[in-house]
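Trainee: Below is the structure I would like to discuss, written out as C-alpha cells.
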There are 2 protein chains.
Amino acid sequence: MINNKEVDFLAITIKDVAKKAGVATSTVSRTIQDHSSISEKTKKKVRSVMKELGYQPNLAARGLVNKNMRTIGVILPVSDGSVFKNPFFLEMIRGISKACNEKKYMVALASGTTEEELLESIQTMAKGGRADGFIVLYSKKKDRVIDYLHREKLFYAMIGKPYEYENEIVYVDNDNQLAGKDATDYLLALKHEKIAYIDKKFDQMMSKERLAGYKQALMLAKIEMNPKYIIQGQTKNNGLEEQVRKLFSSENPPTAIVAGDDLIAMELIYLLKEINLSIPEDVSIISFNNSIFTEMVQPTLTSIDLHVTYLSEQVVEKLVDFIEGKQTLAIKVILPHEIIERKSCNWQTGEART
Amino acid sequence: MINNKEVDFLAITIKDVAKKAGVATSTVSRTIQDHSSISEKTKKKVRSVMKELGYQPNLAARGLVNKNMRTIGVILPVSDGSVFKNPFFLEMIRGISKACNEKKYMVALASGTTEEELLESIQTMAKGGRADGFIVLYSKKKDRVIDYLHREKLFYAMIGKPYEYENEIVYVDNDNQLAGKDATDYLLALKHEKIAYIDKKFDQMMSKERLAGYKQALMLAKIEMNPKYIIQGQTKNNGLEEQVRKLFSSENPPTAIVAGDDLIAMELIYLLKEINLSIPEDVSIISFNNSIFTEMVQPTLTSIDLHVTYLSEQVVEKLVDFIEGKQTLAIKVILPHEIIERKSCNWQTGEART
DNA sequence: CTGAAAGCGCTTACAG
DNA sequence: CTGAAAGCGCTTACAG
C-alpha cells in the first residue's frame with residue numbers, strides 16, 4: 001500500500017524547532033537537557049514549540065555524538081531448544097524491559113542458534129555502538145560469551161553467579177546454596193530423612209549451589225547422604241525418567257524430593273503418579289521458582305520464590321549505574337528467597353501438615 | 001573497577017581503515033557495500049585492512065544518514081500479569097529474534113505496564129528513528145497501539161488477525177476458524193456429540209474464530225449447539241473453575257472439550273480429576289498450541305500445532321520486505337495447522353482410540 | 001544567558 | 001574506478 005519513499009516524510013528536527021522558536025539549535029538542545037544556563041522563559045517557549053511540532057529527538061544522531069545509545073543488550077542463552085522453553089526467561093525479559101523503560105533505556109535482544117551466531121550478534125551490537133552494556137541471563141561454565149565481554153572490557157552484568165571473573169563482574173543472584181539448604185531443611189522439619197535431589201541441567205551454576213546446600217543441610221542434620229538419592233539429569237545410559245523410576249522402585253526409596261525447578265517438579269508428579277505413588281502422602285516435593293506452574297498441578301507445589309522480577313530490576317539498575325559511571329565497583333547483589341507453602345509436602349508419616 | 005571514561009578507547013572508524021589502506025573514506029564505505037564501481041583489487045586490500053583492524057561499522061552513524069536502523073521493534077502486550085505468562089510469547093520472541101539475526105536486523109523490545117507506557121515506548125522508538133518497523137504480538141479490540149501505528153503510517157505487521165484495518169495490515173496467522181473446526185471434527189469423528197468449548201480470554205481474535213469454527217463443525221454435523229457447553233472465561237459472578245464444576249455436575253455433562261490452549265487444558269485436567277472424572281475415559285480433551293505442556297500432563301495432550309516458530313519467521317520476512325520496499329501490498333500469510341495426537345482423546349464410549 | 005561553529009562516523013551525489 | 005566535499009541531526013566547547 002504505502003511505498004517506502006513516499007512515507008519518508010521528513011521528521012521534524014531540532015532545526016525546525018529552533019527556527020519556529022526563534023532561537024539557535026544549541027538553545028533547543030540545551031533546553032532538552034534542561035541545562036541550568038538557559039532561562040526559564042526561553043525553555044518554556046522552546047518546550048511549547050517542541051510540543052506543538054511533536055518533536056522527538058533522533059536517537060541515532062544523539063548516540064553518534066554521545067557515544068551511548070541508551071540501549072542494553074539482553075543476551076539469551078544459545079537456544080538449543082530445551083533451556084529456552086523455560087518461562088523463567090520470559091519473566092526475566094519482562095522485568096528487564098520494565099526496568100529499562102523506567103530508566104529510559106531500550107532493550108535489544110541478542111540471541112543465536114549457535115554460540116558463533118550469538119557472539120556475532122553481540123559483536124555487532126557492541127562494536128556497532130548499538131548497545132552500551134549487556135545483561136547475561138544465564139551462567140554456564142567456559143562461556144565464550146563471557147570471555148568476549150570480558151576481553152573487550154565491555155559493560156555487562158549477569159543474573160546468576162559467574163563461573164569465572166567472579167570478583168570482577170557485576171551480578172545479581174539469590175543465595176542458591178542457602179535456598180537449597182532451606183528447601184532441604186523444610187523437608188527435614190517434616191521429619192523426612194530420605195530426601196532425594198533431582199535436577200536436569202547440572203551445568204548451570206545455580207544447580208550446583210543448590211545441591212551444595214542440600215548436602216550441607218543433611219550434614220548439619222547428621223544424616224548420611226545417599227549418593228543414589230542424587231539424580232543429575234540424564235546420564236549417557238539412562239534418561240531422567242528411567243532413573244527416577246528405578247530410584248522409587250528400589251528397596252529404600254526416598255520419601256521426599258528437592259526438585260531443580262517447578263517444571264521438573266511437575267514432571268516428577270506425573271511420573272510418580274504413574275507408578276502409583278501419592279503426593280504428598282507417599283512423597284513430598286519442594287521446588288524452586290514459584291512460577292505459574294505451582295498452581296497448575298495437583299497437588300499445588302510448595303516452591304521457593306526467587307523474586308525473579310526484582311532480580312531483573314536490580315541487574316538493570318546496577319548495570320546502568322555502571323554504564324553511567326555512578327558506580328565503578330564489581331558489585332554483587334544477593335536477593336532473599338522465600339518458601340511459598342502449598343500442598344505438595346507432608347509430614348514423613350504421610351499425615352497432612354497442619 | 002573500570003571507569004566509564006577510561007574504557008572509552010576510541011573505536012576504530014572508517015577513517016582509520018582508509019588511512020591504513022591508503023584510500024579515501026568513500027572507497028572504504030563503498031567496499032563495505034560491495035559497490036560494483038570499486039575494483040576487486042582495491043576491495044581486497046581494504047577488506048584485509050578492515051579485518052586486521054577489527055573494524056565494525058558504527059550503526060548509529062549509518063542509521064543517521066540512511067534513516068534506517070535495521071531494527072525491528074517487537075511490541076509485547078500490556079503486561080497485566082496474566083497474558084504475559086504464557087510461554088507462547090517466548091516462542092514468538094525467540095523465532096523473531098532468530099529470523100532477524102539472519103536478516104541482519106536487530107530486535108528491540110517495546111513493553112509497558114499500562115497502555116500509556118507502552119505507547120510512549122513505541123513512540124520513542126518510532127520518532128527517535130530507532131526502529132524501522134514493528135511487530136505486534138497480539139490482537140485485541142480497540143487497540144490504541146494499532147491506532148497509533150496506523151495513524152502515523154509506520155511500518156508494522158501482526159501475528160494474528162487484526163480487528164481493524166484488516167485489509168491494510170500485513171499479518172501472519174493461522175486459519176483459526178478452521179483449526180477450531182478441525183478440533184471439533186476430530187472429537188465428532190470419535191463419536192462425541194456433547195462437546196464443550198472452554199476458553200479464558202475471549203477478547204482475543206483467535207478465541208473468537210476458533211469458537212466460530214466449533215459452531216460451524218457442530219452445524220455441519222447437524223448437532224444442536226448447547227449454549228451451556230460454551231464457557232468464555234470468568235463471568236462477573238463465576239470464576240472459570242466454578243463454571244466448569246457446575247457444567248460437569250449438571251444433568252447432561254459433555255463428554256469432550258475443545259480447550260482454548262494447552263495451559264487451559266492442563267488446568268481442566270486437574271479440575272476434572274478432582275471431581276473424579278478420568279481423562280480420556282470420561283472426558284476427551286483437545287487443545288491448541290502444542291506447547292511443552294502437552295507432554296507434561298497425564299494423559300499427554302492431543303493438541304493442534306500452530307507452527308509458532310514458522311509464524312514468527314514469516315512476520316519478520318514480510319515486514320522486512322515491506323520496510324525495504326520490496327513489497328508494498330498489505331499481504332496476509334496464513335499458515336496451516338496440524339493435529340498432534342496424544343493420549344487425551346478417546347472414543348465417546350470411553351474405549352481407547354486405536 | 002545565548003549563538004556560531006566544529007565534529008561525531010558514516011554515505012552519496014558530483015567531479016574527474 | 002576513485003576522491004573531495006557536503007550533509008544526516010545532534011551536542012559541546014568557545015565566544016560574547
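In the C-alpha cells, the first chain shown is A, the next is B, and so on; residue numbers restart at 1 for each chain, and ligands run from 1 in the order shown.
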With only C-alpha atoms (C1' of nucleotides) as the counted atoms, please give the residues lying no more than 12 Å from Phe89 (chain A), apart from itself and same-chain residues fewer than 2 positions off, as number ranges by chain.
Mentor: A: 74-77, 79, 83-87, 91-97, 136-138, 159, 289, 291, 308-309, 311-312; B: 84-87, 89-91, 93-94
Trainee: Where does chain C meet chain A within 7 Å, residue by residue, with the nearest atom pair and distance in Å to one decimal for each, counting only C-alpha atoms (C1' of nucleotides), listed by chain and rising number, as a tab-separated table?
Mentor:
```
residue	atom	partner	partner_atom	distance
C:DC1	C1'	A:Ile38	CA	5.9
C:DT2	C1'	A:Thr27	CA	7.0
C:DG3	C1'	A:Ala24	CA	6.1
C:DC8	C1'	A:Val65	CA	4.4
```
Trainee: For the selection just defined, write its residues with C-alpha atoms (C1' of nucleotides) to a file, as a JSON list (two decimals), in the first residue's frame.
Mentor:
```json
[["chain", "number", "residue", "atom", "x", "y", "z"],
["C", 1, "DC", "C1'", 22.07, 33.58, 29.21],
["C", 2, "DT", "C1'", 22.57, 32.65, 24.02],
["C", 3, "DG", "C1'", 24.65, 31.72, 19.40],
["C", 8, "DC", "C1'", 30.53, 12.51, 15.93]]
```
Trainee: For chain A against chain B, which residues fall within 8 Å using only C-alpha atoms, given as a PDB file with C-alpha atoms, in the first residue's frame?
Mentor:
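Saved result, result_2.pdb, follows:
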```pdb
ATOM      1  CA  MET A   1       0.000   0.000   0.000  1.00  0.00           C
ATOM      2  CA  ILE A   2       2.446   2.632   1.109  1.00  0.00           C
ATOM      3  CA  ASN A   3       5.785   2.912  -0.534  1.00  0.00           C
ATOM      4  CA  ASN A   4       8.939   3.311   1.433  1.00  0.00           C
ATOM      5  CA  VAL A   7       6.263   7.598   3.655  1.00  0.00           C
ATOM      6  CA  ALA A  11      10.729  14.000  10.603  1.00  0.00           C
ATOM      7  CA  GLN A  56      11.131  13.670  19.192  1.00  0.00           C
ATOM      8  CA  PRO A  57      14.927  13.642  19.314  1.00  0.00           C
ATOM      9  CA  ASN A  58      16.680  11.450  16.791  1.00  0.00           C
ATOM     10  CA  LEU A  59      18.373   8.829  18.876  1.00  0.00           C
ATOM     11  CA  ALA A  60      20.868   7.835  16.227  1.00  0.00           C
ATOM     12  CA  ALA A  61      22.211  11.378  15.987  1.00  0.00           C
ATOM     13  CA  GLY A  63      24.020   8.361  20.033  1.00  0.00           C
ATOM     14  CA  LEU A  64      26.591   9.314  17.460  1.00  0.00           C
ATOM     15  CA  LYS A  85      11.406 -23.019  26.746  1.00  0.00           C
ATOM     16  CA  ASN A  86      11.537 -22.263  30.399  1.00  0.00           C
ATOM     17  CA  PRO A  87       9.109 -19.394  31.058  1.00  0.00           C
ATOM     18  CA  PHE A  89      13.282 -16.315  30.837  1.00  0.00           C
ATOM     19  CA  LEU A  90      10.078 -14.611  29.900  1.00  0.00           C
ATOM     20  CA  GLU A  91       9.786 -13.285  33.402  1.00  0.00           C
ATOM     21  CA  ARG A  94       9.731  -8.735  31.109  1.00  0.00           C
ATOM     22  CA  SER A  97      12.138  -4.460  29.883  1.00  0.00           C
ATOM     23  CA  LYS A  98      10.072  -2.812  32.571  1.00  0.00           C
ATOM     24  CA  ASN A 101      11.588   1.614  30.346  1.00  0.00           C
ATOM     25  CA  MET A 106      15.855   0.476  25.327  1.00  0.00           C
ATOM     26  CA  VAL A 107      16.369  -3.222  25.354  1.00  0.00           C
ATOM     27  CA  ALA A 108      17.767  -5.076  22.385  1.00  0.00           C
ATOM     28  CA  LEU A 109      17.856  -8.837  22.203  1.00  0.00           C
ATOM     29  CA  ALA A 110      20.943 -10.825  21.349  1.00  0.00           C
ATOM     30  CA  SER A 111      20.333 -14.443  20.556  1.00  0.00           C
ATOM     31  CA  GLY A 112      21.622 -17.209  18.391  1.00  0.00           C
ATOM     32  CA  THR A 113      21.165 -20.808  17.444  1.00  0.00           C
ATOM     33  CA  SER A 121      25.157 -10.783  17.229  1.00  0.00           C
ATOM     34  CA  THR A 124      27.636  -6.244  16.003  1.00  0.00           C
ATOM     35  CA  LYS A 127      31.270  -2.582  18.184  1.00  0.00           C
ATOM     36  CA  GLY A 128      28.472  -1.076  16.175  1.00  0.00           C
ATOM     37  CA  GLY A 129      27.900   1.186  19.128  1.00  0.00           C
ATOM     38  CA  ARG A 130      24.432  -0.156  19.370  1.00  0.00           C
ATOM     39  CA  LYS A 153      36.140  -4.688  28.528  1.00  0.00           C
ATOM     40  CA  GLU A 168      35.182  -8.526  38.551  1.00  0.00           C
ATOM     41  CA  MET A 266       5.627 -31.079  37.614  1.00  0.00           C
ATOM     42  CA  GLU A 267       7.124 -33.846  35.578  1.00  0.00           C
ATOM     43  CA  TYR A 270       3.184 -37.140  36.838  1.00  0.00           C
ATOM     44  CA  ILE A 292       2.650 -20.207  37.435  1.00  0.00           C
ATOM     45  CA  MET A 296      -1.469 -25.746  37.900  1.00  0.00           C
ATOM     46  CA  VAL A 297      -0.555 -29.137  39.267  1.00  0.00           C
ATOM     47  CA  GLN A 298      -2.422 -31.237  41.718  1.00  0.00           C
ATOM     48  CA  PHE A 322      27.957   1.073  35.946  1.00  0.00           C
ATOM     49  CA  ILE A 323      27.453   2.366  32.410  1.00  0.00           C
ATOM     50  CA  GLU A 324      26.840   5.871  33.626  1.00  0.00           C
ATOM     51  CA  GLY A 325      29.876   5.763  35.850  1.00  0.00           C
ATOM     52  CA  THR A 328      32.644   1.515  39.261  1.00  0.00           C
ATOM     53  CA  LEU A 329      32.991  -1.487  41.521  1.00  0.00           C
ATOM     54  CA  ALA A 330      32.059  -5.027  40.614  1.00  0.00           C
TER      55      ALA A 330
END
```
Trainee: CA of Ala259 (chain A) and CA of Ala189 (chain A), how far apart in Å?
Mentor: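 If I compute the distance from CA of Ala189 (chain A) to CA of Ala259 (chain A), I get 17.1 Å.
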Trainee: If you count only C-alpha atoms (C1' of nucleotides), which residues fall within 12 Å of Ile198 (chain A), apart from same-chain ones fewer than 6 positions away, as JSON, numbers by chain?
Mentor: {"A": [180, 207, 208, 210, 211, 214, 227, 228, 229, 230, 231, 232, 233, 234, 240, 241, 243, 244, 247, 254, 256, 257, 258, 259, 260, 261, 262, 263, 264, 265, 267, 268, 285, 286, 287, 288]}
Trainee: Write out, as a PDB file, in the first residue's frame, the residues just selected, with C-alpha atoms.
Mentor:
```pdb
ATOM      1  CA  GLY A 180      18.916 -25.431  48.599  1.00  0.00           C
ATOM      2  CA  SER A 207      22.031 -26.194  40.278  1.00  0.00           C
ATOM      3  CA  LYS A 208      25.453 -26.818  41.701  1.00  0.00           C
ATOM      4  CA  ARG A 210      21.518 -25.748  45.477  1.00  0.00           C
ATOM      5  CA  LEU A 211      22.907 -29.226  45.575  1.00  0.00           C
ATOM      6  CA  TYR A 214      21.167 -29.810  50.141  1.00  0.00           C
ATOM      7  CA  PRO A 227      24.517 -40.868  46.582  1.00  0.00           C
ATOM      8  CA  LYS A 228      21.716 -42.808  44.938  1.00  0.00           C
ATOM      9  CA  TYR A 229      19.357 -40.091  46.010  1.00  0.00           C
ATOM     10  CA  ILE A 230      21.016 -37.547  43.804  1.00  0.00           C
ATOM     11  CA  ILE A 231      19.915 -37.520  40.199  1.00  0.00           C
ATOM     12  CA  GLN A 232      21.653 -35.067  37.941  1.00  0.00           C
ATOM     13  CA  GLY A 233      19.770 -35.169  34.686  1.00  0.00           C
ATOM     14  CA  GLN A 234      20.300 -37.833  32.159  1.00  0.00           C
ATOM     15  CA  LEU A 240      15.826 -38.856  33.831  1.00  0.00           C
ATOM     16  CA  GLU A 241      12.590 -40.777  33.786  1.00  0.00           C
ATOM     17  CA  GLN A 243      16.470 -43.100  36.776  1.00  0.00           C
ATOM     18  CA  VAL A 244      13.544 -41.806  38.778  1.00  0.00           C
ATOM     19  CA  LEU A 247      15.031 -44.992  42.394  1.00  0.00           C
ATOM     20  CA  PRO A 254      13.076 -41.567  49.258  1.00  0.00           C
ATOM     21  CA  ALA A 256      10.765 -36.551  49.778  1.00  0.00           C
ATOM     22  CA  ILE A 257      12.310 -34.703  46.868  1.00  0.00           C
ATOM     23  CA  VAL A 258      14.024 -31.398  46.374  1.00  0.00           C
ATOM     24  CA  ALA A 259      13.353 -30.692  42.699  1.00  0.00           C
ATOM     25  CA  GLY A 260      15.505 -28.453  40.494  1.00  0.00           C
ATOM     26  CA  ASP A 261      12.610 -26.241  39.471  1.00  0.00           C
ATOM     27  CA  ASP A 262       8.837 -26.188  39.095  1.00  0.00           C
ATOM     28  CA  LEU A 263       8.918 -27.705  35.649  1.00  0.00           C
ATOM     29  CA  ILE A 264      10.891 -30.681  36.847  1.00  0.00           C
ATOM     30  CA  ALA A 265       8.642 -30.966  39.894  1.00  0.00           C
ATOM     31  CA  GLU A 267       7.124 -33.846  35.578  1.00  0.00           C
ATOM     32  CA  LEU A 268       8.039 -35.735  38.716  1.00  0.00           C
ATOM     33  CA  ILE A 285       8.087 -32.408  46.816  1.00  0.00           C
ATOM     34  CA  ILE A 286       9.531 -28.933  47.129  1.00  0.00           C
ATOM     35  CA  SER A 287      10.946 -26.967  44.223  1.00  0.00           C
ATOM     36  CA  PHE A 288      12.220 -23.586  43.082  1.00  0.00           C
TER      37      PHE A 288
END
```
Trainee: DSSP on the backbone: which residues in region 22-213 of chain A end up as strand (DSSP E)? Give the answer as a list of chain:residue names.
Mentor: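 Taking region 22-213 of chain A and keeping strand (DSSP E) gives A:Thr71, A:Ile72, A:Gly73, A:Val74, A:Ile75, A:Met106, A:Val107, A:Ala108, A:Leu109, A:Ala110, A:Gly133, A:Phe134, A:Ile135, A:Val136, A:Tyr156, A:Ala157, A:Met158, A:Ile159, A:Val170, A:Tyr171, A:Val172, A:Asp173, A:Asn174, A:Ile195, A:Ala196, A:Tyr197, A:Ile198, A:Asp199.
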Trainee: Give the alpha helix (DSSP H) residues of region 10-57 of chain A, as assigned by DSSP on the backbone, as a VMD selection string.
Mentor: chain A and resid 14 to 21 25 to 32 40 to 53
Trainee: Could you save those same residues with N, CA and C atoms as a tab-separated table (two decimals), in the first residue's frame?
Mentor:
```tsv
chain	number	residue	atom	x	y	z
A	14	ILE	N	15.57	19.33	15.38
A	14	ILE	CA	15.93	20.40	16.28
A	14	ILE	C	15.96	21.75	15.54
A	15	LYS	N	16.31	21.68	14.28
A	15	LYS	CA	16.38	22.88	13.44
A	15	LYS	C	15.00	23.52	13.28
A	16	ASP	N	14.02	22.69	12.98
A	16	ASP	CA	12.66	23.18	12.82
A	16	ASP	C	12.18	23.86	14.08
A	17	VAL	N	12.48	23.21	15.20
A	17	VAL	CA	12.07	23.77	16.48
A	17	VAL	C	12.76	25.12	16.69
A	18	ALA	N	14.07	25.14	16.41
A	18	ALA	CA	14.84	26.36	16.62
A	18	ALA	C	14.28	27.52	15.80
A	19	LYS	N	14.03	27.22	14.54
A	19	LYS	CA	13.52	28.28	13.66
A	19	LYS	C	12.20	28.83	14.18
A	20	LYS	N	11.29	27.92	14.44
A	20	LYS	CA	9.96	28.32	14.89
A	20	LYS	C	9.99	29.06	16.23
A	21	ALA	N	10.94	28.68	17.07
A	21	ALA	CA	11.01	29.33	18.39
A	21	ALA	C	11.87	30.58	18.34
A	25	THR	N	19.86	26.37	17.42
A	25	THR	CA	19.70	24.93	17.68
A	25	THR	C	20.35	24.55	19.01
A	26	SER	N	21.45	25.21	19.32
A	26	SER	CA	22.11	24.88	20.58
A	26	SER	C	21.21	25.18	21.78
A	27	THR	N	20.41	26.19	21.64
A	27	THR	CA	19.49	26.52	22.73
A	27	THR	C	18.43	25.44	22.89
A	28	VAL	N	17.95	24.96	21.76
A	28	VAL	CA	16.97	23.87	21.82
A	28	VAL	C	17.60	22.65	22.47
A	29	SER	N	18.78	22.33	22.01
A	29	SER	CA	19.48	21.17	22.56
A	29	SER	C	19.63	21.28	24.07
A	30	ARG	N	20.03	22.46	24.51
A	30	ARG	CA	20.23	22.65	25.95
A	30	ARG	C	18.90	22.64	26.71
A	31	THR	N	17.86	23.05	26.04
A	31	THR	CA	16.56	23.01	26.70
A	31	THR	C	16.14	21.56	26.94
A	32	ILE	N	16.40	20.75	25.92
A	32	ILE	CA	16.07	19.33	26.05
A	32	ILE	C	16.77	18.73	27.26
A	40	GLU	N	14.45	30.23	32.23
A	40	GLU	CA	13.17	29.53	32.28
A	40	GLU	C	12.23	30.01	31.18
A	41	LYS	N	12.32	31.28	30.92
A	41	LYS	CA	11.43	31.86	29.92
A	41	LYS	C	11.69	31.24	28.54
A	42	THR	N	12.95	31.18	28.17
A	42	THR	CA	13.31	30.58	26.89
A	42	THR	C	12.90	29.11	26.85
A	43	LYS	N	13.25	28.42	27.92
A	43	LYS	CA	12.90	27.00	27.98
A	43	LYS	C	11.41	26.80	27.72
A	44	LYS	N	10.63	27.60	28.42
A	44	LYS	CA	9.18	27.45	28.29
A	44	LYS	C	8.76	27.61	26.83
A	45	LYS	N	9.29	28.63	26.20
A	45	LYS	CA	8.95	28.89	24.80
A	45	LYS	C	9.34	27.70	23.91
A	46	VAL	N	10.59	27.29	24.08
A	46	VAL	CA	11.09	26.19	23.26
A	46	VAL	C	10.26	24.92	23.49
A	47	ARG	N	9.99	24.67	24.75
A	47	ARG	CA	9.22	23.45	25.05
A	47	ARG	C	7.85	23.48	24.41
A	48	SER	N	7.25	24.63	24.41
A	48	SER	CA	5.90	24.69	23.83
A	48	SER	C	5.95	24.44	22.32
A	49	VAL	N	7.01	24.96	21.69
A	49	VAL	CA	7.16	24.70	20.26
A	49	VAL	C	7.41	23.20	20.00
A	50	MET	N	8.25	22.62	20.86
A	50	MET	CA	8.53	21.19	20.72
A	50	MET	C	7.24	20.39	20.77
A	51	LYS	N	6.44	20.73	21.75
A	51	LYS	CA	5.17	20.01	21.89
A	51	LYS	C	4.29	20.23	20.65
A	52	GLU	N	4.21	21.47	20.25
A	52	GLU	CA	3.36	21.83	19.11
A	52	GLU	C	3.75	21.05	17.86
A	53	LEU	N	5.06	20.94	17.66
A	53	LEU	CA	5.54	20.26	16.46
A	53	LEU	C	5.64	18.75	16.63
```
Trainee: For C1' of DT12 (chain C) and C1' of DA6 (chain D), determine how far apart the two atoms are, in Å to one decimal place.
Mentor: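 We find that C1' of DT12 (chain C) and C1' of DA6 (chain D) lie 9.3 Å from each other.
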Trainee: Please measure the separation of CA of Val172 (chain A) and CA of Ile122 (chain A), giving the value in Å to one decimal.
Mentor: 20.9 Å
